[in-house]
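Below is the file work-v3.cif, which contains mmCIF, C-alpha atoms.
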data_start
loop_
_atom_site.group_PDB
_atom_site.id
_atom_site.type_symbol
_atom_site.label_atom_id
_atom_site.label_comp_id
_atom_site.auth_asym_id
_atom_site.auth_seq_id
_atom_site.Cartn_x
_atom_site.Cartn_y
_atom_site.Cartn_z
ATOM 1 C CA MET A 1064 -28.906 5.119 -10.620
ATOM 2 C CA ASN A 1065 -26.186 3.663 -8.399
ATOM 3 C CA ARG A 1066 -25.116 5.303 -5.182
ATOM 4 C CA ALA A 1067 -21.648 5.083 -3.656
ATOM 5 C CA LEU A 1068 -20.953 5.910 -0.030
ATOM 6 C CA VAL A 1069 -18.061 8.405 0.113
ATOM 7 C CA PRO A 1070 -16.365 9.350 3.405
ATOM 8 C CA MET A 1071 -15.572 13.064 3.395
ATOM 9 C CA SER A 1072 -12.227 14.629 4.172
ATOM 10 C CA ARG A 1073 -11.668 17.257 6.850
ATOM 11 C CA LEU A 1074 -10.008 20.645 6.535
ATOM 12 C CA GLU A 1075 -9.186 23.340 9.061
ATOM 13 C CA LEU A 1076 -9.012 26.658 7.227
ATOM 14 C CA VAL A 1077 -7.554 28.691 10.052
ATOM 15 C CA LYS A 1078 -6.795 26.969 13.334
ATOM 16 C CA GLN A 1079 -8.700 28.255 16.374
ATOM 17 C CA SER A 1080 -10.683 30.767 14.335
ATOM 18 C CA ILE A 1081 -12.744 28.964 11.709
ATOM 19 C CA ALA A 1082 -14.566 25.687 12.248
ATOM 20 C CA PRO A 1083 -13.244 22.692 10.268
ATOM 21 C CA LEU A 1084 -14.947 21.832 6.988
ATOM 22 C CA ASN A 1085 -15.998 18.449 5.668
ATOM 23 C CA PHE A 1086 -15.392 18.355 1.929
ATOM 24 C CA ALA A 1087 -14.805 16.319 -1.234
ATOM 25 C CA ARG A 1088 -12.696 17.445 -4.178
ATOM 26 C CA GLU A 1089 -14.692 18.347 -7.281
ATOM 27 C CA THR A 1090 -12.621 15.995 -9.452
ATOM 28 C CA PHE A 1091 -13.818 12.940 -7.498
ATOM 29 C CA ILE A 1092 -17.471 14.010 -7.703
ATOM 30 C CA LYS A 1093 -17.335 14.674 -11.438
ATOM 31 C CA LYS A 1094 -15.676 11.328 -12.140
ATOM 32 C CA LEU A 1095 -18.395 9.399 -10.303
ATOM 33 C CA LEU A 1096 -21.177 11.356 -11.971
ATOM 34 C CA ARG A 1097 -19.624 10.624 -15.368
ATOM 35 C CA TYR A 1098 -20.612 6.990 -14.828
ATOM 36 C CA ASN A 1099 -24.021 7.742 -13.309
ATOM 37 C CA VAL A 1100 -22.827 7.051 -9.788
ATOM 38 C CA VAL A 1101 -24.299 9.437 -7.223
ATOM 39 C CA PRO A 1102 -21.955 10.123 -4.291
ATOM 40 C CA VAL A 1103 -23.645 9.857 -0.901
ATOM 41 C CA PHE A 1104 -21.341 11.611 1.526
ATOM 42 C CA VAL A 1105 -20.777 10.428 5.053
ATOM 43 C CA SER A 1106 -18.821 12.158 7.802
ATOM 44 C CA SER A 1107 -17.268 11.012 11.042
ATOM 45 C CA LEU A 1108 -19.692 13.498 12.614
ATOM 46 C CA PHE A 1109 -22.662 11.320 11.638
ATOM 47 C CA PRO A 1110 -24.252 9.107 14.326
ATOM 48 C CA LYS A 1111 -23.336 5.432 13.973
ATOM 49 C CA GLU A 1112 -26.936 4.510 13.224
ATOM 50 C CA MET A 1113 -26.986 6.913 10.273
ATOM 51 C CA VAL A 1114 -23.679 5.568 8.948
ATOM 52 C CA GLU A 1115 -25.047 2.013 9.029
ATOM 53 C CA LYS A 1116 -28.274 3.071 7.308
ATOM 54 C CA LEU A 1117 -26.415 4.835 4.512
ATOM 55 C CA TYR A 1118 -24.066 1.875 4.110
ATOM 56 C CA ASN A 1119 -27.031 -0.455 3.626
ATOM 57 C CA GLU A 1120 -28.686 1.881 1.117
ATOM 58 C CA CYS A 1121 -25.627 2.293 -1.120
ATOM 59 C CA GLN A 1122 -24.414 -0.190 -3.731
ATOM 60 C CA GLY A 1123 -20.709 0.564 -3.291
ATOM 61 C CA ILE A 1124 -18.002 2.303 -1.254
ATOM 62 C CA PHE A 1125 -15.642 4.894 -2.734
ATOM 63 C CA CYS A 1126 -12.685 6.241 -0.731
ATOM 64 C CA MET A 1127 -10.898 9.377 -1.905
ATOM 65 C CA GLY A 1128 -7.441 10.766 -1.351
ATOM 66 C CA GLY A 1129 -6.561 12.767 1.739
ATOM 67 C CA ALA A 1130 -4.287 13.092 4.744
ATOM 68 C CA ASP A 1131 -1.921 10.466 6.144
ATOM 69 C CA PHE A 1132 -3.280 7.628 8.252
ATOM 70 C CA ASN A 1133 -2.292 7.568 11.897
ATOM 71 C CA SER A 1134 0.394 4.868 11.949
ATOM 72 C CA ASN A 1135 -0.906 3.380 15.183
ATOM 73 C CA VAL A 1136 -3.838 1.864 13.266
ATOM 74 C CA TYR A 1137 -1.358 -0.566 11.703
ATOM 75 C CA GLY A 1138 0.850 -0.929 14.753
ATOM 76 C CA GLU A 1139 3.793 1.343 13.965
ATOM 77 C CA GLU A 1140 5.363 4.407 15.503
ATOM 78 C CA PRO A 1141 4.969 7.570 13.395
ATOM 79 C CA HIS A 1142 7.674 8.634 10.964
ATOM 80 C CA LEU A 1143 8.905 12.209 11.260
ATOM 81 C CA LYS A 1144 7.215 12.960 7.921
ATOM 82 C CA THR A 1145 3.860 11.391 8.851
ATOM 83 C CA GLU A 1146 1.112 13.941 9.406
ATOM 84 C CA ALA A 1147 -1.910 12.180 10.885
ATOM 85 C CA THR A 1148 -4.665 14.779 10.883
ATOM 86 C CA GLU A 1149 -7.922 12.836 10.440
ATOM 87 C CA PRO A 1150 -8.113 10.098 13.111
ATOM 88 C CA LEU A 1151 -11.922 10.031 13.086
ATOM 89 C CA ARG A 1152 -11.931 9.628 9.314
ATOM 90 C CA ASP A 1153 -9.356 6.822 9.709
ATOM 91 C CA GLU A 1154 -11.755 5.001 12.020
ATOM 92 C CA LEU A 1155 -14.781 5.567 9.773
ATOM 93 C CA GLU A 1156 -13.100 4.432 6.567
ATOM 94 C CA LEU A 1157 -11.584 1.308 8.074
ATOM 95 C CA HIS A 1158 -14.962 0.364 9.555
ATOM 96 C CA LEU A 1159 -16.743 0.796 6.213
ATOM 97 C CA ILE A 1160 -14.081 -1.051 4.225
ATOM 98 C CA ARG A 1161 -14.080 -3.994 6.614
ATOM 99 C CA LYS A 1162 -17.855 -4.209 6.251
ATOM 100 C CA ALA A 1163 -17.504 -4.070 2.465
ATOM 101 C CA LEU A 1164 -14.879 -6.830 2.535
ATOM 102 C CA ALA A 1165 -17.187 -9.027 4.620
ATOM 103 C CA ASP A 1166 -20.219 -8.289 2.425
ATOM 104 C CA LYS A 1167 -18.355 -8.224 -0.903
ATOM 105 C CA LYS A 1168 -19.814 -4.797 -1.583
ATOM 106 C CA PRO A 1169 -18.035 -3.106 -4.552
ATOM 107 C CA PHE A 1170 -15.149 -0.936 -3.401
ATOM 108 C CA LEU A 1171 -12.826 1.497 -5.164
ATOM 109 C CA GLY A 1172 -10.111 3.401 -3.315
ATOM 110 C CA ILE A 1173 -7.962 6.192 -4.747
ATOM 111 C CA CYS A 1174 -4.569 7.184 -3.243
ATOM 112 C CA ARG A 1175 -5.351 7.267 0.513
ATOM 113 C CA GLY A 1176 -8.268 4.972 -0.352
ATOM 114 C CA CYS A 1177 -5.799 2.408 -1.714
ATOM 115 C CA GLN A 1178 -3.811 2.640 1.499
ATOM 116 C CA ALA A 1179 -7.038 2.314 3.502
ATOM 117 C CA LEU A 1180 -7.855 -0.972 1.749
ATOM 118 C CA ALA A 1181 -4.408 -2.336 2.565
ATOM 119 C CA ILE A 1182 -4.701 -1.359 6.233
ATOM 120 C CA ALA A 1183 -8.279 -2.652 6.562
ATOM 121 C CA SER A 1184 -7.147 -6.049 5.301
ATOM 122 C CA GLY A 1185 -4.302 -6.201 7.835
ATOM 123 C CA GLY A 1186 -1.506 -4.547 5.866
ATOM 124 C CA THR A 1187 0.921 -1.707 6.517
ATOM 125 C CA LEU A 1188 2.313 1.406 4.826
ATOM 126 C CA TYR A 1189 5.639 2.947 3.956
ATOM 127 C CA GLN A 1190 5.237 6.187 5.870
ATOM 128 C CA HIS A 1191 7.658 8.077 3.628
ATOM 129 C CA ILE A 1192 8.858 6.652 0.325
ATOM 130 C CA GLU A 1193 11.546 9.161 -0.539
ATOM 131 C CA GLY A 1194 14.704 7.207 -1.330
ATOM 132 C CA ILE A 1195 12.961 3.817 -1.608
ATOM 133 C CA ALA A 1196 12.380 3.800 -5.366
ATOM 134 C CA LEU A 1197 15.502 5.490 -6.656
ATOM 135 C CA GLY A 1198 15.083 7.262 -9.973
ATOM 136 C CA GLU A 1199 11.300 7.539 -9.616
ATOM 137 C CA ASN A 1200 9.466 10.716 -8.706
ATOM 138 C CA HIS A 1201 6.272 10.058 -6.744
ATOM 139 C CA GLY A 1202 5.940 13.576 -5.467
ATOM 140 C CA ALA A 1203 7.512 12.883 -2.063
ATOM 141 C CA SER A 1204 10.110 15.634 -2.240
ATOM 142 C CA GLU A 1205 8.246 18.043 -4.480
ATOM 143 C CA GLY A 1206 7.063 21.366 -3.158
ATOM 144 C CA GLY A 1207 4.214 21.772 -5.647
ATOM 145 C CA THR A 1208 0.497 21.800 -5.039
ATOM 146 C CA TYR A 1209 -1.792 18.786 -5.277
ATOM 147 C CA GLU A 1210 -2.835 19.895 -8.758
ATOM 148 C CA ASP A 1211 0.788 20.240 -9.922
ATOM 149 C CA LEU A 1212 1.803 16.828 -8.605
ATOM 150 C CA VAL A 1213 -1.021 14.784 -10.048
ATOM 151 C CA LYS A 1214 -0.849 16.504 -13.423
ATOM 152 C CA GLN A 1215 2.902 16.816 -13.922
ATOM 153 C CA VAL A 1216 4.530 13.928 -12.024
ATOM 154 C CA GLY A 1217 4.132 10.479 -13.560
ATOM 155 C CA HIS A 1218 5.640 7.068 -14.144
ATOM 156 C CA GLU A 1219 4.924 3.622 -15.558
ATOM 157 C CA VAL A 1220 3.226 0.787 -13.693
ATOM 158 C CA VAL A 1221 3.700 -2.887 -14.505
ATOM 159 C CA VAL A 1222 0.378 -4.743 -14.192
ATOM 160 C CA ALA A 1223 0.695 -8.351 -13.044
ATOM 161 C CA GLU A 1224 -0.133 -11.083 -15.522
ATOM 162 C CA GLY A 1225 -3.206 -13.071 -14.483
ATOM 163 C CA SER A 1226 -4.548 -10.303 -12.242
ATOM 164 C CA LYS A 1227 -8.052 -8.861 -12.463
ATOM 165 C CA ALA A 1228 -6.452 -5.453 -13.053
ATOM 166 C CA ARG A 1229 -4.597 -6.806 -16.092
ATOM 167 C CA ALA A 1230 -7.810 -8.255 -17.521
ATOM 168 C CA LEU A 1231 -9.649 -4.989 -16.907
ATOM 169 C CA LEU A 1232 -6.970 -2.679 -18.308
ATOM 170 C CA GLY A 1233 -5.829 -4.955 -21.136
ATOM 171 C CA LYS A 1234 -2.238 -3.747 -20.810
ATOM 172 C CA GLU A 1235 0.979 -4.925 -19.195
ATOM 173 C CA ILE A 1236 2.333 -1.384 -18.840
ATOM 174 C CA ILE A 1237 0.239 1.653 -17.998
ATOM 175 C CA ARG A 1238 1.197 5.221 -17.191
ATOM 176 C CA THR A 1239 -0.153 6.984 -14.139
ATOM 177 C CA ASN A 1240 0.249 10.368 -12.515
ATOM 178 C CA SER A 1241 1.479 10.687 -8.950
ATOM 179 C CA GLY A 1242 1.114 12.846 -5.870
ATOM 180 C CA HIS A 1243 1.875 10.959 -2.654
ATOM 181 C CA HIS A 1244 4.622 10.407 -0.095
ATOM 182 C CA GLN A 1245 3.249 7.212 1.459
ATOM 183 C CA ALA A 1246 2.486 3.861 -0.174
ATOM 184 C CA VAL A 1247 1.364 0.322 0.574
ATOM 185 C CA LYS A 1248 4.133 -1.784 2.162
ATOM 186 C CA SER A 1249 2.162 -4.965 2.794
ATOM 187 C CA VAL A 1250 -1.373 -6.241 2.274
ATOM 188 C CA GLY A 1251 -3.468 -8.522 4.422
ATOM 189 C CA GLU A 1252 -5.848 -11.425 3.969
ATOM 190 C CA GLY A 1253 -7.578 -11.662 0.589
ATOM 191 C CA ILE A 1254 -5.681 -8.757 -1.000
ATOM 192 C CA ILE A 1255 -2.818 -9.008 -3.497
ATOM 193 C CA VAL A 1256 -0.576 -6.488 -5.217
ATOM 194 C CA SER A 1257 -1.412 -6.385 -8.932
ATOM 195 C CA GLY A 1258 0.509 -3.320 -10.073
ATOM 196 C CA LYS A 1259 3.952 -1.936 -9.197
ATOM 197 C CA THR A 1260 6.390 0.591 -10.558
ATOM 198 C CA LYS A 1261 9.714 -0.729 -11.795
ATOM 199 C CA GLY A 1262 11.194 0.671 -8.586
ATOM 200 C CA GLY A 1263 8.900 -1.534 -6.522
ATOM 201 C CA ILE A 1264 6.262 0.940 -5.296
ATOM 202 C CA THR A 1265 2.798 -0.634 -5.071
ATOM 203 C CA GLU A 1266 0.310 1.152 -7.332
ATOM 204 C CA ILE A 1267 -2.637 -1.264 -7.651
ATOM 205 C CA ILE A 1268 -4.055 -3.760 -5.164
ATOM 206 C CA GLU A 1269 -7.072 -6.014 -5.567
ATOM 207 C CA HIS A 1270 -9.148 -8.665 -3.835
ATOM 208 C CA THR A 1271 -8.467 -12.230 -4.880
ATOM 209 C CA ALA A 1272 -12.138 -13.234 -5.221
ATOM 210 C CA GLN A 1273 -13.050 -13.236 -8.904
ATOM 211 C CA ASP A 1274 -16.676 -12.241 -8.215
ATOM 212 C CA PHE A 1275 -15.778 -9.238 -6.051
ATOM 213 C CA PHE A 1276 -14.950 -5.792 -7.460
ATOM 214 C CA CYS A 1277 -12.455 -4.445 -4.927
ATOM 215 C CA PHE A 1278 -9.481 -2.353 -6.031
ATOM 216 C CA GLY A 1279 -7.123 0.262 -4.669
ATOM 217 C CA ILE A 1280 -5.241 2.637 -6.990
ATOM 218 C CA GLN A 1281 -2.366 4.722 -5.623
ATOM 219 C CA ALA A 1282 -2.479 7.274 -8.462
ATOM 220 C CA HIS A 1283 -5.048 10.033 -9.075
ATOM 221 C CA PRO A 1284 -6.947 8.983 -12.220
ATOM 222 C CA GLU A 1285 -9.859 11.187 -11.189
ATOM 223 C CA VAL A 1286 -8.029 14.270 -12.509
ATOM 224 C CA GLU A 1287 -7.529 12.749 -15.962
ATOM 225 C CA ASP A 1288 -10.173 12.838 -18.646
ATOM 226 C CA ASN A 1289 -9.407 9.423 -20.099
ATOM 227 C CA GLY A 1290 -6.186 8.042 -18.618
ATOM 228 C CA ASP A 1291 -5.023 4.447 -18.497
ATOM 229 C CA CYS A 1292 -6.901 3.795 -15.229
ATOM 230 C CA GLU A 1293 -10.254 5.039 -16.553
ATOM 231 C CA PRO A 1294 -11.679 1.482 -16.949
ATOM 232 C CA PHE A 1295 -11.735 1.114 -13.168
ATOM 233 C CA PHE A 1296 -14.486 3.734 -12.849
ATOM 234 C CA ARG A 1297 -16.754 2.172 -15.461
ATOM 235 C CA ALA A 1298 -16.205 -1.294 -13.985
ATOM 236 C CA PHE A 1299 -17.002 0.064 -10.507
ATOM 237 C CA ALA A 1300 -20.329 1.403 -11.790
ATOM 238 C CA ASP A 1301 -21.058 -1.881 -13.564
ATOM 239 C CA ALA A 1302 -20.317 -3.880 -10.414
ATOM 240 C CA MET A 1303 -22.741 -1.732 -8.418
ATOM 241 C CA SER A 1304 -25.439 -2.198 -11.074
ATOM 242 C CA GLN A 1305 -25.026 -5.969 -10.871
ATOM 243 C CA ARG A 1306 -25.444 -5.820 -7.113
ATOM 244 C CA GLY A 1307 -28.735 -3.986 -7.528
#

Starting from the file, lay out its structure as structure tokens.
Amino acid sequence: MNRALVPMSRLELVKQSIAPLNFARETFIKKLLRYNVVPVFVSSLFPKEMVEKLYNECQGIFCMGGADFNSNVYGEEPHLKTEATEPLRDELELHLIRKALADKKPFLGICRGCQALAIASGGTLYQHIEGIALGENHGASEGGTYEDLVKQVGHEVVVAEGSKARALLGKEIIRTNSGHHQAVKSVGEGIIVSGKTKGGITEIIEHTAQDFFCFGIQAHPEVEDNGDCEPFFRAFADAMSQRG
């Protein structure tokens, strides 16, 4: 059975009264288990030696959604709407992704994980997309919960002809849900944009190497039972199996 290294998110239940929790949303865990991928969780609290050992023992890296990245990691001043709350997780994820890029270890990033891939490769983010893609609702100005946004807010994505994503999905147009206020602005070395909304918001990025499974998806396909992005999860598991 394949194992994917999964950096955990951090949550403070009540400031100054209850210790922060390291956690992973149930939807992410269930989706991995559906394809016989066992999540091996890693925290920024772990010693570096343990992180390296777990990295070497796992066949892939999976990065979940979560809080905003600190904008200084890609050389920008923070936007008024940017809430950088997990700097240690930022550091951990970028370290692991850069190792995966160097080793061509299978990688799949969801929402924040997509943004992490862009940053790790040398790219940048739109820190607040409200008003950029007029006529599209990505959840930026909604007051609903995470569950409401990813289940009720959606749009179409145009998948680039000739891309690995297009070959995997078998469609030019897919529909995704949405629950984010930041998005990829630019990508770095070895990464291309392979899916955008008609308003120009990046939704899928991928590595250019044909023999390397490495994708970032801005949407939240983990909450859907069998949405248009479902093939990414099966292909992720297959890529890990091939790595052995």

* Distance query A:Phe1132 at most 12 Å, all atoms listed in the file, self and fewer than 3 positions along chain excluded, as a PyMOL selection string -> chain A and resi 1128-1129+1135-1142+1144-1157+1174-1183+1187-1191+1244-1247

Please list as a short mmCIF file (atom, residue, chain, number, x, y, z; two decimals) with C-alpha atoms, in the coordinates of the input every residue within 12 Å of A:Asp1288, counting all atoms listed in the file and excluding residues in the same chain fewer than 4 positions away.
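out_21.cif written:
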data_model
loop_
_atom_site.label_atom_id
_atom_site.label_comp_id
_atom_site.auth_asym_id
_atom_site.auth_seq_id
_atom_site.Cartn_x
_atom_site.Cartn_y
_atom_site.Cartn_z
CA THR A 1090 -12.62 16.00 -9.45
CA PHE A 1091 -13.82 12.94 -7.50
CA LYS A 1093 -17.34 14.67 -11.44
CA LYS A 1094 -15.68 11.33 -12.14
CA ARG A 1097 -19.62 10.62 -15.37
CA LYS A 1214 -0.85 16.50 -13.42
CA HIS A 1283 -5.05 10.03 -9.07
CA PRO A 1284 -6.95 8.98 -12.22
CA CYS A 1292 -6.90 3.80 -15.23
CA GLU A 1293 -10.25 5.04 -16.55
CA PRO A 1294 -11.68 1.48 -16.95
CA PHE A 1296 -14.49 3.73 -12.85
#

* Structure fact -> In Å and to one decimal, atom CA of A:Glu1075 is distant from atom CA of A:Phe1104 by 18.5 Å

* Atom-to-atom span, atom CA of A:Ser1072 and atom CA of A:Asp1131, Å ->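 We find that atom CA of A:Ser1072 and atom CA of A:Asp1131 lie 11.3 Å from each other.
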
* Asked: Using all atoms listed in the file, which of the listed residues (A:Glu1115, A:Glu1199, A:Asp1301, A:Glu1224) sits closest to A:Gly1263?
  -> A:Glu1199

* Tell me, as a PyMOL selection string, which residues lie within 7 Å of A:Gly1202, counting only C-alpha atoms; anything in the same chain fewer than 6 positions away does not count. => chain A and resi 1212+1216+1241-1244

File dump, residues just selected, C-alpha atoms, as a JSON list (two decimals), in the frame of the given file:
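Dumped to again_32.json:
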[["chain", "number", "residue", "atom", "x", "y", "z"],
["A", 1212, "LEU", "CA", 1.80, 16.83, -8.60],
["A", 1216, "VAL", "CA", 4.53, 13.93, -12.02],
["A", 1241, "SER", "CA", 1.48, 10.69, -8.95],
["A", 1242, "GLY", "CA", 1.11, 12.85, -5.87],
["A", 1243, "HIS", "CA", 1.88, 10.96, -2.65],
["A", 1244, "HIS", "CA", 4.62, 10.41, -0.10]]

* Residue members of the PyMOL selection byres ((chain A and resi 1233) around 12) in the file shown, as a ChimeraX atom specification -> /A:1221-1232,1234-1237,1291-1295

* To do: Work out how far atom CA of A:Ser1107 is from atom CA of A:Leu1074, in Å to one decimal.
  => 12.9 Å

* Find, counting only C-alpha atoms, the residue in A:Arg1066, A:Lys1111, A:His1270, A:Arg1306 that gets nearest to A:Ile1124. =>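 Between A:Arg1066, A:Lys1111, A:His1270, A:Arg1306, the residue approaching A:Ile1124 most closely is A:Arg1066.
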
* Check the smallest atom-to-atom distance from each of A:Leu1068, A:Ile1195, A:Leu1171, A:Met1127 to A:Met1113 using all atoms listed in the file, then report the winner. => A:Leu1068

Taking all atoms of stretch 1087-1097 of chain A that the file lists and extending 3 Å past them on each side, where is the centre of the axis-aligned box and how long are its edges? Answer in Å to one decimal, as JSON.
{"center_x": -16.9, "center_y": 13.9, "center_z": -8.3, "size_x": 14.6, "size_y": 14.9, "size_z": 20.1}

Using the chain letters and numbering of this document, enumerate as a PDB file with C-alpha atoms, in the coordinates of the input the residues selected by the PyMOL selection byres ((chain A and resi 1267) around 6).
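Output file result.pdb is given in full below:
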ATOM      1  CA  SER A1257      -1.412  -6.385  -8.932  1.00  0.00           C
ATOM      2  CA  GLY A1258       0.509  -3.320 -10.073  1.00  0.00           C
ATOM      3  CA  GLU A1266       0.310   1.152  -7.332  1.00  0.00           C
ATOM      4  CA  ILE A1268      -4.055  -3.760  -5.164  1.00  0.00           C
ATOM      5  CA  GLY A1279      -7.123   0.262  -4.669  1.00  0.00           C
ATOM      6  CA  ILE A1280      -5.241   2.637  -6.990  1.00  0.00           C
TER       7      ILE A1280
END

* Asked: What's the 12 Å shell around A:Gly1253, counting all atoms listed in the file, without same-chain residues fewer than 2 positions away, as a ChimeraX atom specification?
  -> /A:1161,1164-1165,1167,1180-1181,1183-1186,1250-1251,1255-1256,1268-1273,1275,1277-1278

* To do: Give as a PyMOL selection string every residue, naming chains and numbers as the document does, that has an atom within 10 Å of (-22.2, 2.4, -10.9), counting all atoms listed in the file.
  => chain A and resi 1064-1067+1095-1101+1122-1123+1169+1296-1307

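Restricting the calculation to all atoms listed in the file, the smallest distance between A:Lys1259 and any of A:Glu1112, A:Glu1120, A:Asp1274, A:Glu1219 is found for A:Glu1219.
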
* Taking all atoms listed in the file into account, which of A:Ile1254, A:Val1105, A:Arg1088, A:Phe1170 comes nearest A:Tyr1209? ->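 The closest residue to A:Tyr1209 is A:Arg1088.
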
* **Residue neighbourhood A:His1218, 7 Å, only C-alpha atoms, exclusion window fewer than 6 positions, as number ranges by chain** => A: 1238-1240
